[in-house]
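Trainee: Pasting input_28.cif below, which is mmCIF, C-alpha atoms and all ligand atoms.
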```cif
data_protein
#
loop_
_atom_site.label_atom_id
_atom_site.label_comp_id
_atom_site.auth_asym_id
_atom_site.auth_seq_id
_atom_site.Cartn_x
_atom_site.Cartn_y
_atom_site.Cartn_z
CA MET A 213 110.30 128.57 82.38
CA TYR A 214 111.06 129.13 86.04
CA GLY A 215 113.83 130.23 88.34
CA ALA A 216 115.75 128.50 91.10
CA PRO A 217 113.90 127.19 94.16
CA LEU A 218 113.59 129.84 96.90
CA SER A 219 114.13 132.66 94.36
CA ASN A 220 111.47 135.14 93.26
CA LYS A 221 110.94 133.29 89.98
CA SER A 222 110.74 129.77 91.46
CA LYS A 223 107.87 127.43 90.62
CA LYS A 224 106.20 126.19 93.81
CA ILE A 225 104.19 123.09 94.51
CA MET A 226 102.33 122.53 97.75
CA LEU A 227 101.61 118.96 98.74
CA LEU A 228 98.50 118.42 100.89
CA GLY A 229 99.39 115.21 102.72
CA SER A 230 103.03 114.28 103.27
CA GLY A 231 103.32 110.51 103.53
CA GLU A 232 105.61 108.07 101.76
CA LEU A 233 103.99 108.67 98.37
CA GLY A 234 104.35 112.45 98.61
CA LYS A 235 107.95 112.09 99.71
CA GLU A 236 108.80 110.53 96.35
CA VAL A 237 106.75 113.13 94.44
CA ILE A 238 108.73 115.88 96.17
CA ILE A 239 112.04 114.21 95.35
CA GLU A 240 111.03 114.00 91.68
CA ALA A 241 109.82 117.62 91.61
CA GLN A 242 113.10 118.76 93.15
CA ARG A 243 114.99 116.91 90.44
CA LEU A 244 113.24 119.28 88.03
CA GLY A 245 114.22 122.32 90.12
CA ILE A 246 110.85 122.96 91.76
CA GLU A 247 110.33 124.62 95.15
CA THR A 248 108.40 122.27 97.40
CA ILE A 249 106.16 122.82 100.43
CA ALA A 250 104.80 119.87 102.42
CA VAL A 251 101.65 120.08 104.55
CA ASP A 252 100.14 117.44 106.84
CA ARG A 253 98.34 117.01 110.14
CA TYR A 254 101.47 116.03 112.07
CA ALA A 255 105.10 117.18 112.23
CA ASN A 256 108.05 115.42 110.59
CA ALA A 257 105.88 113.54 108.11
CA PRO A 258 107.95 111.72 105.45
CA ALA A 259 107.56 114.34 102.68
CA MET A 260 108.26 117.15 105.14
CA GLN A 261 111.70 115.64 105.66
CA VAL A 262 112.63 116.28 102.03
CA ALA A 263 110.62 119.43 101.20
CA HIS A 264 112.03 122.95 101.26
CA ARG A 265 109.62 123.78 104.08
CA SER A 266 106.52 122.44 105.76
CA HIS A 267 103.39 123.34 107.71
CA VAL A 268 101.31 121.37 110.19
CA ILE A 269 97.57 122.09 109.95
CA SER A 270 94.27 120.25 109.99
CA MET A 271 93.61 119.91 106.26
CA LEU A 272 89.96 119.16 106.99
CA ASP A 273 89.64 122.66 108.44
CA GLY A 274 88.76 124.93 105.52
CA GLU A 275 89.94 128.11 107.23
CA GLN A 276 93.36 126.72 108.09
CA LEU A 277 93.70 125.29 104.60
CA ARG A 278 92.82 128.55 102.87
CA ALA A 279 95.13 130.53 105.15
CA ILE A 280 98.18 128.41 104.39
CA ILE A 281 97.52 128.41 100.64
CA GLU A 282 97.04 132.20 100.58
CA LYS A 283 100.23 132.62 102.57
CA GLU A 284 102.34 130.43 100.27
CA ARG A 285 100.57 131.13 96.95
CA PRO A 286 101.78 127.89 95.31
CA ASP A 287 101.67 127.48 91.52
CA LEU A 288 100.28 123.97 91.99
CA ILE A 289 98.27 122.52 94.87
CA VAL A 290 98.86 118.76 94.93
CA PRO A 291 96.51 116.69 97.14
CA GLU A 292 98.27 113.59 98.47
CA ILE A 293 95.48 112.14 100.62
CA GLU A 294 91.69 112.19 100.35
CA ALA A 295 90.82 113.80 103.67
CA ILE A 296 91.04 117.49 102.77
CA ALA A 297 88.47 120.31 102.90
CA THR A 298 87.94 119.96 99.16
CA SER A 299 85.16 122.57 99.01
CA VAL A 300 87.89 125.15 99.71
CA LEU A 301 89.95 123.71 96.85
CA VAL A 302 86.95 124.15 94.57
CA GLU A 303 86.67 127.83 95.62
CA LEU A 304 90.41 128.43 95.27
CA GLU A 305 90.41 126.93 91.79
CA LYS A 306 87.71 129.44 90.80
CA GLU A 307 89.94 132.18 92.21
CA GLY A 308 92.75 131.13 89.86
CA TYR A 309 94.74 128.52 91.81
CA ARG A 310 95.62 125.23 90.09
CA VAL A 311 94.59 122.08 91.90
CA ILE A 312 95.98 118.71 90.74
CA PRO A 313 94.48 117.11 88.79
CA THR A 314 91.38 119.30 89.30
CA ALA A 315 89.47 120.48 92.35
CA THR A 316 86.47 118.48 91.19
CA ALA A 317 88.55 115.29 90.97
CA SER A 318 89.73 115.77 94.53
CA ARG A 319 86.21 116.56 95.72
CA LEU A 320 84.69 113.51 94.01
CA THR A 321 87.37 111.08 95.19
CA MET A 322 87.42 112.47 98.71
CA ASP A 323 84.43 110.36 99.58
CA ARG A 324 83.47 106.99 98.21
CA GLU A 325 79.99 108.19 97.38
CA GLY A 326 81.10 110.88 94.94
CA ILE A 327 83.36 108.66 92.89
CA ARG A 328 81.08 105.61 93.05
CA ARG A 329 78.04 107.50 91.83
CA LEU A 330 80.08 109.11 89.03
CA ALA A 331 81.54 105.76 87.92
CA SER A 332 78.38 103.71 88.15
CA GLU A 333 75.46 106.07 87.69
CA THR A 334 76.93 108.73 85.36
CA LEU A 335 79.54 106.76 83.39
CA GLY A 336 77.93 103.31 83.50
CA LEU A 337 81.07 101.45 84.61
CA ARG A 338 80.50 98.02 86.11
CA THR A 339 80.93 98.13 89.92
CA ALA A 340 79.87 96.05 92.90
CA LYS A 341 76.26 96.78 93.95
CA TYR A 342 76.22 99.38 96.70
CA GLU A 343 74.10 101.21 99.25
CA PHE A 344 74.82 103.94 101.78
CA ALA A 345 73.84 104.21 105.45
CA ASN A 346 73.99 106.95 108.11
CA SER A 347 73.13 104.89 111.19
CA LEU A 348 73.22 101.35 112.51
CA GLU A 349 69.53 101.05 111.73
CA GLU A 350 70.04 102.11 108.12
CA LEU A 351 73.01 99.75 107.91
CA HIS A 352 70.84 96.77 108.88
CA ALA A 353 68.41 97.71 106.12
CA ALA A 354 71.19 98.21 103.56
CA VAL A 355 72.84 94.87 104.37
CA ALA A 356 69.45 93.21 103.90
CA VAL A 357 69.33 94.69 100.38
CA ILE A 358 72.94 93.86 99.36
CA GLY A 359 73.14 90.51 101.17
CA THR A 360 76.11 88.90 102.90
CA PRO A 361 79.02 88.71 102.58
CA CYS A 362 79.40 92.43 101.93
CA VAL A 363 82.12 95.00 102.49
CA ILE A 364 81.41 97.97 104.78
CA LYS A 365 83.63 101.07 104.65
CA PRO A 366 83.48 104.62 106.02
CA ILE A 367 82.84 106.91 103.06
CA MET A 368 86.01 108.81 103.93
CA SER A 369 88.95 106.56 104.74
CA SER A 370 91.91 104.95 103.04
CA SER A 371 94.33 102.04 103.36
CA GLY A 372 91.46 99.91 104.64
CA LYS A 373 90.92 101.92 107.82
CA GLY A 374 87.47 101.24 109.25
CA GLN A 375 86.76 98.62 106.58
CA SER A 376 85.38 95.15 107.33
CA VAL A 377 83.71 92.23 105.64
CA CYS A 378 80.29 91.55 107.12
CA ARG A 379 79.65 87.82 106.72
CA THR A 380 76.29 87.39 108.46
CA PRO A 381 73.45 89.70 109.54
CA GLU A 382 74.72 89.21 113.13
CA GLY A 383 78.00 90.89 112.12
CA VAL A 384 76.39 94.21 111.16
CA GLU A 385 76.87 95.93 114.51
CA ALA A 386 80.56 94.94 114.73
CA SER A 387 81.13 96.34 111.21
CA TRP A 388 79.37 99.56 112.16
CA ASN A 389 81.63 99.96 115.20
CA ILE A 390 84.77 99.27 113.15
CA ALA A 391 83.70 101.90 110.60
CA MET A 392 82.95 104.51 113.28
CA GLU A 393 86.36 104.01 114.88
CA GLY A 394 88.35 103.83 111.66
CA GLY A 395 87.06 106.67 109.45
CA ARG A 396 89.33 109.69 108.94
CA ALA A 397 86.61 112.30 109.28
CA LYS A 398 84.04 112.05 112.02
CA ASN A 399 81.28 111.25 109.63
CA ALA A 400 78.79 108.51 110.34
CA ARG A 401 78.14 107.61 106.71
CA VAL A 402 79.23 104.24 105.32
CA ILE A 403 79.09 102.44 101.98
CA ILE A 404 77.93 98.83 101.80
CA GLU A 405 79.32 96.97 98.79
CA GLU A 406 78.46 93.58 97.38
CA PHE A 407 81.46 91.28 97.98
CA ILE A 408 83.15 90.61 94.64
CA HIS A 409 84.79 87.17 94.41
CA PHE A 410 87.55 88.36 92.10
CA GLU A 411 90.28 86.19 90.59
CA SER A 412 92.79 88.97 91.01
CA GLU A 413 92.89 92.72 91.44
CA ILE A 414 95.04 95.29 89.72
CA THR A 415 95.99 98.92 89.68
CA LEU A 416 96.19 100.40 86.20
CA LEU A 417 98.38 103.49 86.50
CA THR A 418 97.04 105.96 83.94
CA VAL A 419 98.81 109.22 83.14
CA ARG A 420 97.09 112.23 81.62
CA SER A 421 99.63 114.71 80.34
CA ILE A 422 100.07 117.25 77.62
CA SER A 423 101.05 114.25 75.43
CA GLY A 424 97.68 112.51 75.98
CA THR A 425 96.79 109.41 78.00
CA THR A 426 99.38 106.69 78.68
CA TYR A 427 98.96 103.44 80.61
CA CYS A 428 101.59 101.60 82.63
CA GLU A 429 101.73 97.81 82.59
CA PRO A 430 99.11 96.47 85.04
CA ILE A 431 100.15 96.03 88.67
CA GLY A 432 98.78 93.00 90.50
CA HIS A 433 98.42 93.15 94.27
CA ILE A 434 97.35 91.39 97.42
CA GLN A 435 95.52 93.23 100.17
CA LYS A 436 94.93 92.21 103.76
CA ASP A 437 92.29 93.95 105.90
CA GLY A 438 91.85 96.45 103.05
CA ASP A 439 95.51 97.47 102.91
CA TYR A 440 98.14 96.43 100.44
CA ILE A 441 100.83 93.95 101.43
CA GLU A 442 102.42 93.00 98.16
CA SER A 443 102.37 94.21 94.54
CA TRP A 444 104.00 93.13 91.29
CA GLN A 445 104.30 94.31 87.70
CA PRO A 446 103.42 93.20 85.09
CA HIS A 447 100.30 91.27 86.05
CA THR A 448 99.29 88.72 83.40
CA MET A 449 95.96 89.60 81.78
CA SER A 450 94.10 88.47 78.67
CA GLU A 451 93.94 90.86 75.72
CA GLN A 452 90.24 91.37 76.35
CA GLN A 453 90.86 92.22 80.01
CA ILE A 454 93.50 94.77 79.00
CA VAL A 455 91.18 96.39 76.46
CA ASP A 456 88.36 96.56 79.02
CA ALA A 457 90.64 97.83 81.80
CA GLN A 458 92.13 100.59 79.65
CA GLN A 459 88.68 101.57 78.41
CA MET A 460 87.42 101.91 82.00
CA ALA A 461 90.54 103.84 83.00
CA LYS A 462 90.11 106.20 80.05
CA THR A 463 86.44 106.78 80.84
CA ILE A 464 86.98 107.60 84.51
CA THR A 465 90.15 109.68 84.06
CA ASP A 466 88.63 111.66 81.17
CA ALA A 467 85.67 112.43 83.40
CA LEU A 468 87.94 113.63 86.20
CA GLY A 469 90.17 115.56 83.79
CA GLY A 470 93.34 117.55 84.45
CA HIS A 471 96.93 116.41 84.28
CA GLY A 472 98.57 113.85 86.55
CA LEU A 473 98.88 110.17 87.29
CA TYR A 474 95.84 108.19 88.41
CA GLY A 475 95.71 104.76 90.07
CA VAL A 476 92.67 102.96 88.68
CA GLU A 477 91.74 100.00 90.90
CA LEU A 478 90.00 97.14 89.12
CA PHE A 479 88.79 93.65 90.03
CA LEU A 480 89.29 90.88 87.43
CA THR A 481 86.51 88.30 87.63
CA ALA A 482 85.27 85.39 85.55
CA ASP A 483 82.53 87.64 84.17
CA GLY A 484 84.61 90.68 83.37
CA VAL A 485 86.36 93.67 84.85
CA TYR A 486 84.85 95.67 87.74
CA PHE A 487 85.77 99.24 88.58
CA SER A 488 86.57 99.60 92.30
CA GLU A 489 87.97 103.09 92.88
CA VAL A 490 90.53 105.58 91.58
CA SER A 491 93.22 107.70 93.21
CA PRO A 492 93.89 110.98 91.39
CA ARG A 493 97.53 110.66 92.47
CA PRO A 494 100.27 108.02 92.78
CA HIS A 495 99.11 104.76 94.32
CA ASP A 496 100.67 102.75 97.14
CA THR A 497 100.75 99.55 95.05
CA GLY A 498 102.59 101.59 92.39
CA MET A 499 105.69 101.94 94.56
CA VAL A 500 106.86 98.87 92.63
CA THR A 501 107.48 101.15 89.63
CA MET A 502 110.56 102.48 91.45
CA ALA A 503 112.08 99.07 90.65
CA THR A 504 110.50 98.36 87.28
CA GLN A 505 109.98 101.41 85.06
CA ASP A 506 112.30 103.99 83.47
CA LEU A 507 110.02 106.65 84.97
CA SER A 508 108.42 105.71 88.30
CA GLU A 509 104.81 106.66 89.02
CA PHE A 510 106.20 109.59 91.01
CA ALA A 511 108.37 110.85 88.15
CA LEU A 512 105.37 110.51 85.84
CA HIS A 513 103.13 112.47 88.20
CA ALA A 514 105.70 115.26 88.57
CA ARG A 515 106.19 115.53 84.81
CA ALA A 516 102.50 115.45 84.02
CA ILE A 517 101.44 118.06 86.59
CA LEU A 518 104.23 120.43 85.55
CA GLY A 519 102.93 120.32 81.98
CA PHE A 520 105.90 118.44 80.53
CA PRO A 521 105.59 115.81 77.77
CA ILE A 522 105.54 112.07 78.44
CA THR A 523 106.45 110.30 75.23
CA GLY A 524 106.09 106.80 76.68
CA VAL A 525 106.72 104.63 79.70
CA ARG A 526 109.04 101.66 79.50
CA LEU A 527 108.86 98.62 81.74
CA LEU A 528 112.52 97.68 82.16
CA THR A 529 112.07 94.49 84.20
CA PRO A 530 109.48 92.50 86.12
CA GLY A 531 109.44 93.57 89.76
CA ALA A 532 107.63 93.40 93.08
CA SER A 533 107.13 95.28 96.33
CA TYR A 534 106.45 93.95 99.84
CA THR A 535 105.51 96.17 102.78
CA LEU A 536 106.71 96.34 106.38
CA LYS A 537 103.89 97.24 108.77
CA ALA A 538 103.92 98.04 112.47
CA ASP A 539 101.87 95.92 114.86
CA ARG A 540 101.53 98.42 117.72
CA GLU A 541 101.43 102.08 118.59
CA GLN A 542 104.72 103.47 119.85
CA VAL A 543 106.30 106.92 119.88
CA GLU A 544 109.86 105.63 119.64
CA TYR A 545 111.03 102.76 117.52
CA THR A 546 114.04 101.59 115.57
CA ILE A 547 114.25 99.66 112.36
CA SER A 548 116.88 96.96 111.93
CA GLY A 549 117.86 94.36 109.35
CA ILE A 550 118.35 96.85 106.52
CA ASP A 551 121.80 95.34 105.86
CA GLU A 552 120.29 91.88 105.53
CA ALA A 553 117.43 93.11 103.35
CA LEU A 554 119.89 94.82 101.05
CA SER A 555 121.90 91.59 100.84
CA VAL A 556 118.99 90.08 98.89
CA PRO A 557 119.86 90.34 95.16
CA ASN A 558 118.28 93.06 92.96
CA THR A 559 116.67 94.70 95.97
CA GLN A 560 116.23 98.20 97.35
CA VAL A 561 114.34 99.40 100.41
CA ARG A 562 112.52 102.62 101.14
CA VAL A 563 112.34 103.51 104.84
CA PHE A 564 109.63 106.15 105.15
CA GLY A 565 110.88 107.78 108.36
CA LYS A 566 107.40 108.14 109.96
CA PRO A 567 107.92 109.54 113.45
CA GLU A 568 105.66 107.03 115.24
CA THR A 569 104.30 103.56 114.69
CA LYS A 570 100.61 102.67 114.78
CA VAL A 571 98.85 99.33 114.48
CA GLY A 572 98.96 98.42 110.80
CA ARG A 573 100.95 101.51 109.80
CA ARG A 574 103.17 101.04 106.74
CA MET A 575 106.73 101.96 107.72
CA ALA A 576 108.92 100.72 104.86
CA VAL A 577 108.80 98.74 101.64
CA ALA A 578 111.16 96.31 99.90
CA LEU A 579 111.45 96.60 96.11
CA SER A 580 112.96 93.83 93.98
CA SER A 581 113.38 93.11 90.33
CA GLY A 582 113.73 89.64 88.81
CA GLU A 583 113.77 87.64 85.59
CA THR A 584 110.13 86.85 86.29
CA VAL A 585 107.41 88.28 88.51
CA GLU A 586 107.57 85.12 90.62
CA GLU A 587 111.28 85.61 91.27
CA ALA A 588 110.83 89.30 92.08
CA ARG A 589 107.95 88.52 94.47
CA SER A 590 109.98 85.99 96.33
CA LEU A 591 112.98 88.35 96.62
CA ALA A 592 110.86 91.28 97.84
CA LYS A 593 109.11 89.09 100.39
CA GLU A 594 112.43 87.71 101.63
CA ALA A 595 113.90 91.23 101.91
CA ALA A 596 110.87 92.55 103.81
CA SER A 597 111.09 89.61 106.22
CA LYS A 598 114.61 90.73 107.17
CA LEU A 599 113.35 94.15 108.29
CA THR A 600 112.33 94.42 111.94
CA LEU A 601 110.69 97.18 113.95
CA ASN A 602 111.97 97.30 117.52
CA TYR A 603 109.85 99.02 120.11
CA ASN A 604 112.05 99.35 123.18
N1 LIG A 701 83.38 95.09 97.10
C1 LIG A 701 84.49 94.41 97.39
N2 LIG A 701 84.56 93.07 97.18
C2 LIG A 701 85.67 92.38 97.48
N3 LIG A 701 86.78 92.92 97.99
C3 LIG A 701 86.80 94.25 98.20
C4 LIG A 701 85.64 95.06 97.91
N4 LIG A 701 85.94 96.33 98.22
C5 LIG A 701 87.21 96.33 98.69
N5 LIG A 701 87.72 95.09 98.68
C6 LIG A 701 89.08 94.70 99.08
O1 LIG A 701 89.58 95.65 100.00
C7 LIG A 701 90.66 96.39 99.41
C8 LIG A 701 90.61 97.84 99.86
O2 LIG A 701 89.41 98.43 99.43
P1 LIG A 701 89.38 99.93 98.95
O3 LIG A 701 90.38 100.13 97.87
O4 LIG A 701 87.99 100.30 98.66
O5 LIG A 701 89.86 100.62 100.31
P2 LIG A 701 90.75 101.88 100.58
O6 LIG A 701 90.65 102.10 102.05
O7 LIG A 701 90.32 102.95 99.66
O8 LIG A 701 92.19 101.44 100.22
P3 LIG A 701 93.34 102.32 99.53
O9 LIG A 701 93.27 103.69 100.10
O10 LIG A 701 94.58 101.57 99.94
O11 LIG A 701 93.09 102.23 98.07
C9 LIG A 701 90.51 96.20 97.92
O12 LIG A 701 91.73 96.40 97.24
C10 LIG A 701 90.01 94.76 97.87
O13 LIG A 701 91.07 93.85 98.09
N1 LIG A 702 96.37 103.96 100.38
C1 LIG A 702 96.71 105.33 100.46
C2 LIG A 702 98.16 105.50 100.88
O1 LIG A 702 98.92 104.56 100.93
N2 LIG A 702 98.54 106.75 101.18
C3 LIG A 702 99.84 107.05 101.67
O2 LIG A 702 99.89 106.81 103.07
C4 LIG A 702 100.09 108.03 103.76
C5 LIG A 702 99.39 108.06 105.11
O3 LIG A 702 100.06 107.14 105.90
P1 LIG A 702 99.77 107.05 107.49
O4 LIG A 702 98.31 106.69 107.63
O5 LIG A 702 100.72 105.97 107.95
O6 LIG A 702 100.07 108.41 108.09
C6 LIG A 702 99.61 109.12 102.82
O7 LIG A 702 100.14 110.37 103.14
C7 LIG A 702 100.09 108.54 101.49
O8 LIG A 702 101.46 108.77 101.29
MG MG A 703 91.81 101.07 97.24
#
```
Please express what this file holds, its structure, as structure tokens.

Mentor:
Amino acid sequence: MYGAPLSNKSKKIMLLGSGELGKEVIIEAQRLGIETIAVDRYANAPAMQVAHRSHVISMLDGEQLRAIIEKERPDLIVPEIEAIATSVLVELEKEGYRVIPTATASRLTMDREGIRRLASETLGLRTAKYEFANSLEELHAAVAVIGTPCVIKPIMSSSGKGQSVCRTPEGVEASWNIAMEGGRAKNARVIIEEFIHFESEITLLTVRSISGTTYCEPIGHIQKDGDYIESWQPHTMSEQQIVDAQQMAKTITDALGGHGLYGVELFLTADGVYFSEVSPRPHDTGMVTMATQDLSEFALHARAILGFPITGVRLLTPGASYTLKADREQVEYTISGIDEALSVPNTQVRVFGKPETKVGRRMAVALSSGETVEEARSLAKEAASKLTLNYN
């Protein structure tokens, strides 16, 4: 029970991080009559453009974070990115605030070390072998233990920022420099992971709600430089792979607890399923569900966090998504070709409205359905190829 947005009896959610994924969460929450507040480190972020109001703060600064939460007193605090002062969320949860899915889940997934140690050492899920390093010297030692090729990532980063594949011992220094430049927080710690030669990789969207745990059909995807380019649903898997994937998803999401949608990232290999990581929130590869499911991952997240039932999720059609990324940094840009992209059959686009471009920044996505995944993938790719970013 709650009143109208902006009234005394409204129900308020505060999103910490306001990118393209949060924008859709806000739209879904507003469809249920929720008051929405968007927070991020820069002005005019995508979700800010659709929220009732917004604030620009450094979310890694605990004092600024606490001040804005105490000022707004939201019913639900909804992290949308990893890089947040999660120790403050842990304190606020003890003081009675609700953090989605839980403050501990956001603390553990904020850095790769927390979630990796939980998955591998506490829960016994199969993962790539890993080590951590705090300096170039330690990195050389860690790469000697793991061997090459290996994947080196800042412990706090996302969308592949600061990530590289180190192919020979001579490449260690270059990987270190990439990690130091690309990490979100100025933290010199990196993870070194054994390179997994997977056959394919998937995201298993897993929803924990008052109705229990529900899984979406698996989403296959292709990543380049650690960031997703293309995704499709459903991804063909053997019965055994599905059983193993759902079991891993259940184990990790039960351990993290709370209500909400999780994106469980898994590698499918000849010798079984590997756990890679988990987002305690909607996943970029899951944008495809806006074209495929009766309830998108964003609608599912909104329902679950508000404590509403989810009686099932239906896949209505095979579908695919294909991203449009910028190739340079520019304060002003235009996007063209939307008419041509929308001329492709069974296709929609989402233009995120980010105020500036950056190298590799995701700016829009094409979403297509089809009779088959193959058809949908080819339509989404064609539609994305019609979209152009102009920089002058
Ligand atoms: N150990 C590994 N072996 C092989 N490939 C890997 C490994 N780790 C990561 N990758 C590849 O890099 C991609 C991105 O890695 P990861 O998900 O850890 O980065 P991320 O920055 O957290 O990305 P996002 O925030 O988009 O999930 C993976 O989806 C996979 O394609
Ligand atoms: N893989 C995580 C992911 O896709 N997160 C999405 O990207 C935004 C940041 O984009 P930006 O770096 O372009 O500002 C985040 O706010 C979230 O919506
Ligand atoms: Mg990932």

Trainee: Please extract the residues at most 7 Å from ligand LIG 701 (chain A), counting only C-alpha atoms and all ligand atoms, and provide them as a count of residues only, using the chain letters and residue numbers of this document.

Mentor: 25

Trainee: Skip segment 507-516 of chain A itself and residues of its chain fewer than 3 positions away, then list as a ChimeraX atom specification all residues within 10 Å of it, counting all atoms listed in the file.

Mentor: /A:225,233-244,246,290,312-313,417-424,428,470-475,492-496,498-504,519-522,524-528

Trainee: Excluding segment 298-308 of chain A and any residue of its chain fewer than 5 positions from it, enumerate the residues within 12 Å of it, using all atoms listed in the file, and give them as a PDB file with C-alpha atoms, in the frame of the given file.

Mentor:
```
ATOM      1  CA  LEU A 228      98.500 118.420 100.890  1.00  0.00           C
ATOM      2  CA  MET A 271      93.610 119.910 106.260  1.00  0.00           C
ATOM      3  CA  LEU A 272      89.960 119.160 106.990  1.00  0.00           C
ATOM      4  CA  ASP A 273      89.640 122.660 108.440  1.00  0.00           C
ATOM      5  CA  GLY A 274      88.760 124.930 105.520  1.00  0.00           C
ATOM      6  CA  GLU A 275      89.940 128.110 107.230  1.00  0.00           C
ATOM      7  CA  GLN A 276      93.360 126.720 108.090  1.00  0.00           C
ATOM      8  CA  LEU A 277      93.700 125.290 104.600  1.00  0.00           C
ATOM      9  CA  ARG A 278      92.820 128.550 102.870  1.00  0.00           C
ATOM     10  CA  ALA A 279      95.130 130.530 105.150  1.00  0.00           C
ATOM     11  CA  ILE A 280      98.180 128.410 104.390  1.00  0.00           C
ATOM     12  CA  ILE A 281      97.520 128.410 100.640  1.00  0.00           C
ATOM     13  CA  GLU A 282      97.040 132.200 100.580  1.00  0.00           C
ATOM     14  CA  ARG A 285     100.570 131.130  96.950  1.00  0.00           C
ATOM     15  CA  PRO A 286     101.780 127.890  95.310  1.00  0.00           C
ATOM     16  CA  ASP A 287     101.670 127.480  91.520  1.00  0.00           C
ATOM     17  CA  LEU A 288     100.280 123.970  91.990  1.00  0.00           C
ATOM     18  CA  ILE A 289      98.270 122.520  94.870  1.00  0.00           C
ATOM     19  CA  VAL A 290      98.860 118.760  94.930  1.00  0.00           C
ATOM     20  CA  PRO A 291      96.510 116.690  97.140  1.00  0.00           C
ATOM     21  CA  ILE A 293      95.480 112.140 100.620  1.00  0.00           C
ATOM     22  CA  PRO A 313      94.480 117.110  88.790  1.00  0.00           C
ATOM     23  CA  THR A 314      91.380 119.300  89.300  1.00  0.00           C
ATOM     24  CA  ALA A 315      89.470 120.480  92.350  1.00  0.00           C
ATOM     25  CA  THR A 316      86.470 118.480  91.190  1.00  0.00           C
ATOM     26  CA  ALA A 317      88.550 115.290  90.970  1.00  0.00           C
ATOM     27  CA  SER A 318      89.730 115.770  94.530  1.00  0.00           C
ATOM     28  CA  ARG A 319      86.210 116.560  95.720  1.00  0.00           C
ATOM     29  CA  LEU A 320      84.690 113.510  94.010  1.00  0.00           C
ATOM     30  CA  THR A 321      87.370 111.080  95.190  1.00  0.00           C
ATOM     31  CA  MET A 322      87.420 112.470  98.710  1.00  0.00           C
ATOM     32  CA  ASP A 323      84.430 110.360  99.580  1.00  0.00           C
TER      33      ASP A 323
END
```

Trainee: If I take atom CA of Lys598 of chain A and atom O5 of ligand LIG 702 (chain A), how far is one from the other in Å, to one decimal?

Mentor: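 Between atom CA of Lys598 of chain A and atom O5 of ligand LIG 702 (chain A) the gap works out to 20.6 Å.
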
Trainee: Hey, can you check how far atom CA of Asn399 of chain A sits from atom CA of Ile296 of chain A?

Mentor: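 Distance between the two atoms: 13.5 Å.
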
Trainee: How far is it from atom CA of Glu583 of chain A to atom CA of Glu451 of chain A, in Å with one decimal?

Mentor: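 Between atom CA of Glu583 of chain A and atom CA of Glu451 of chain A the gap works out to 22.4 Å.
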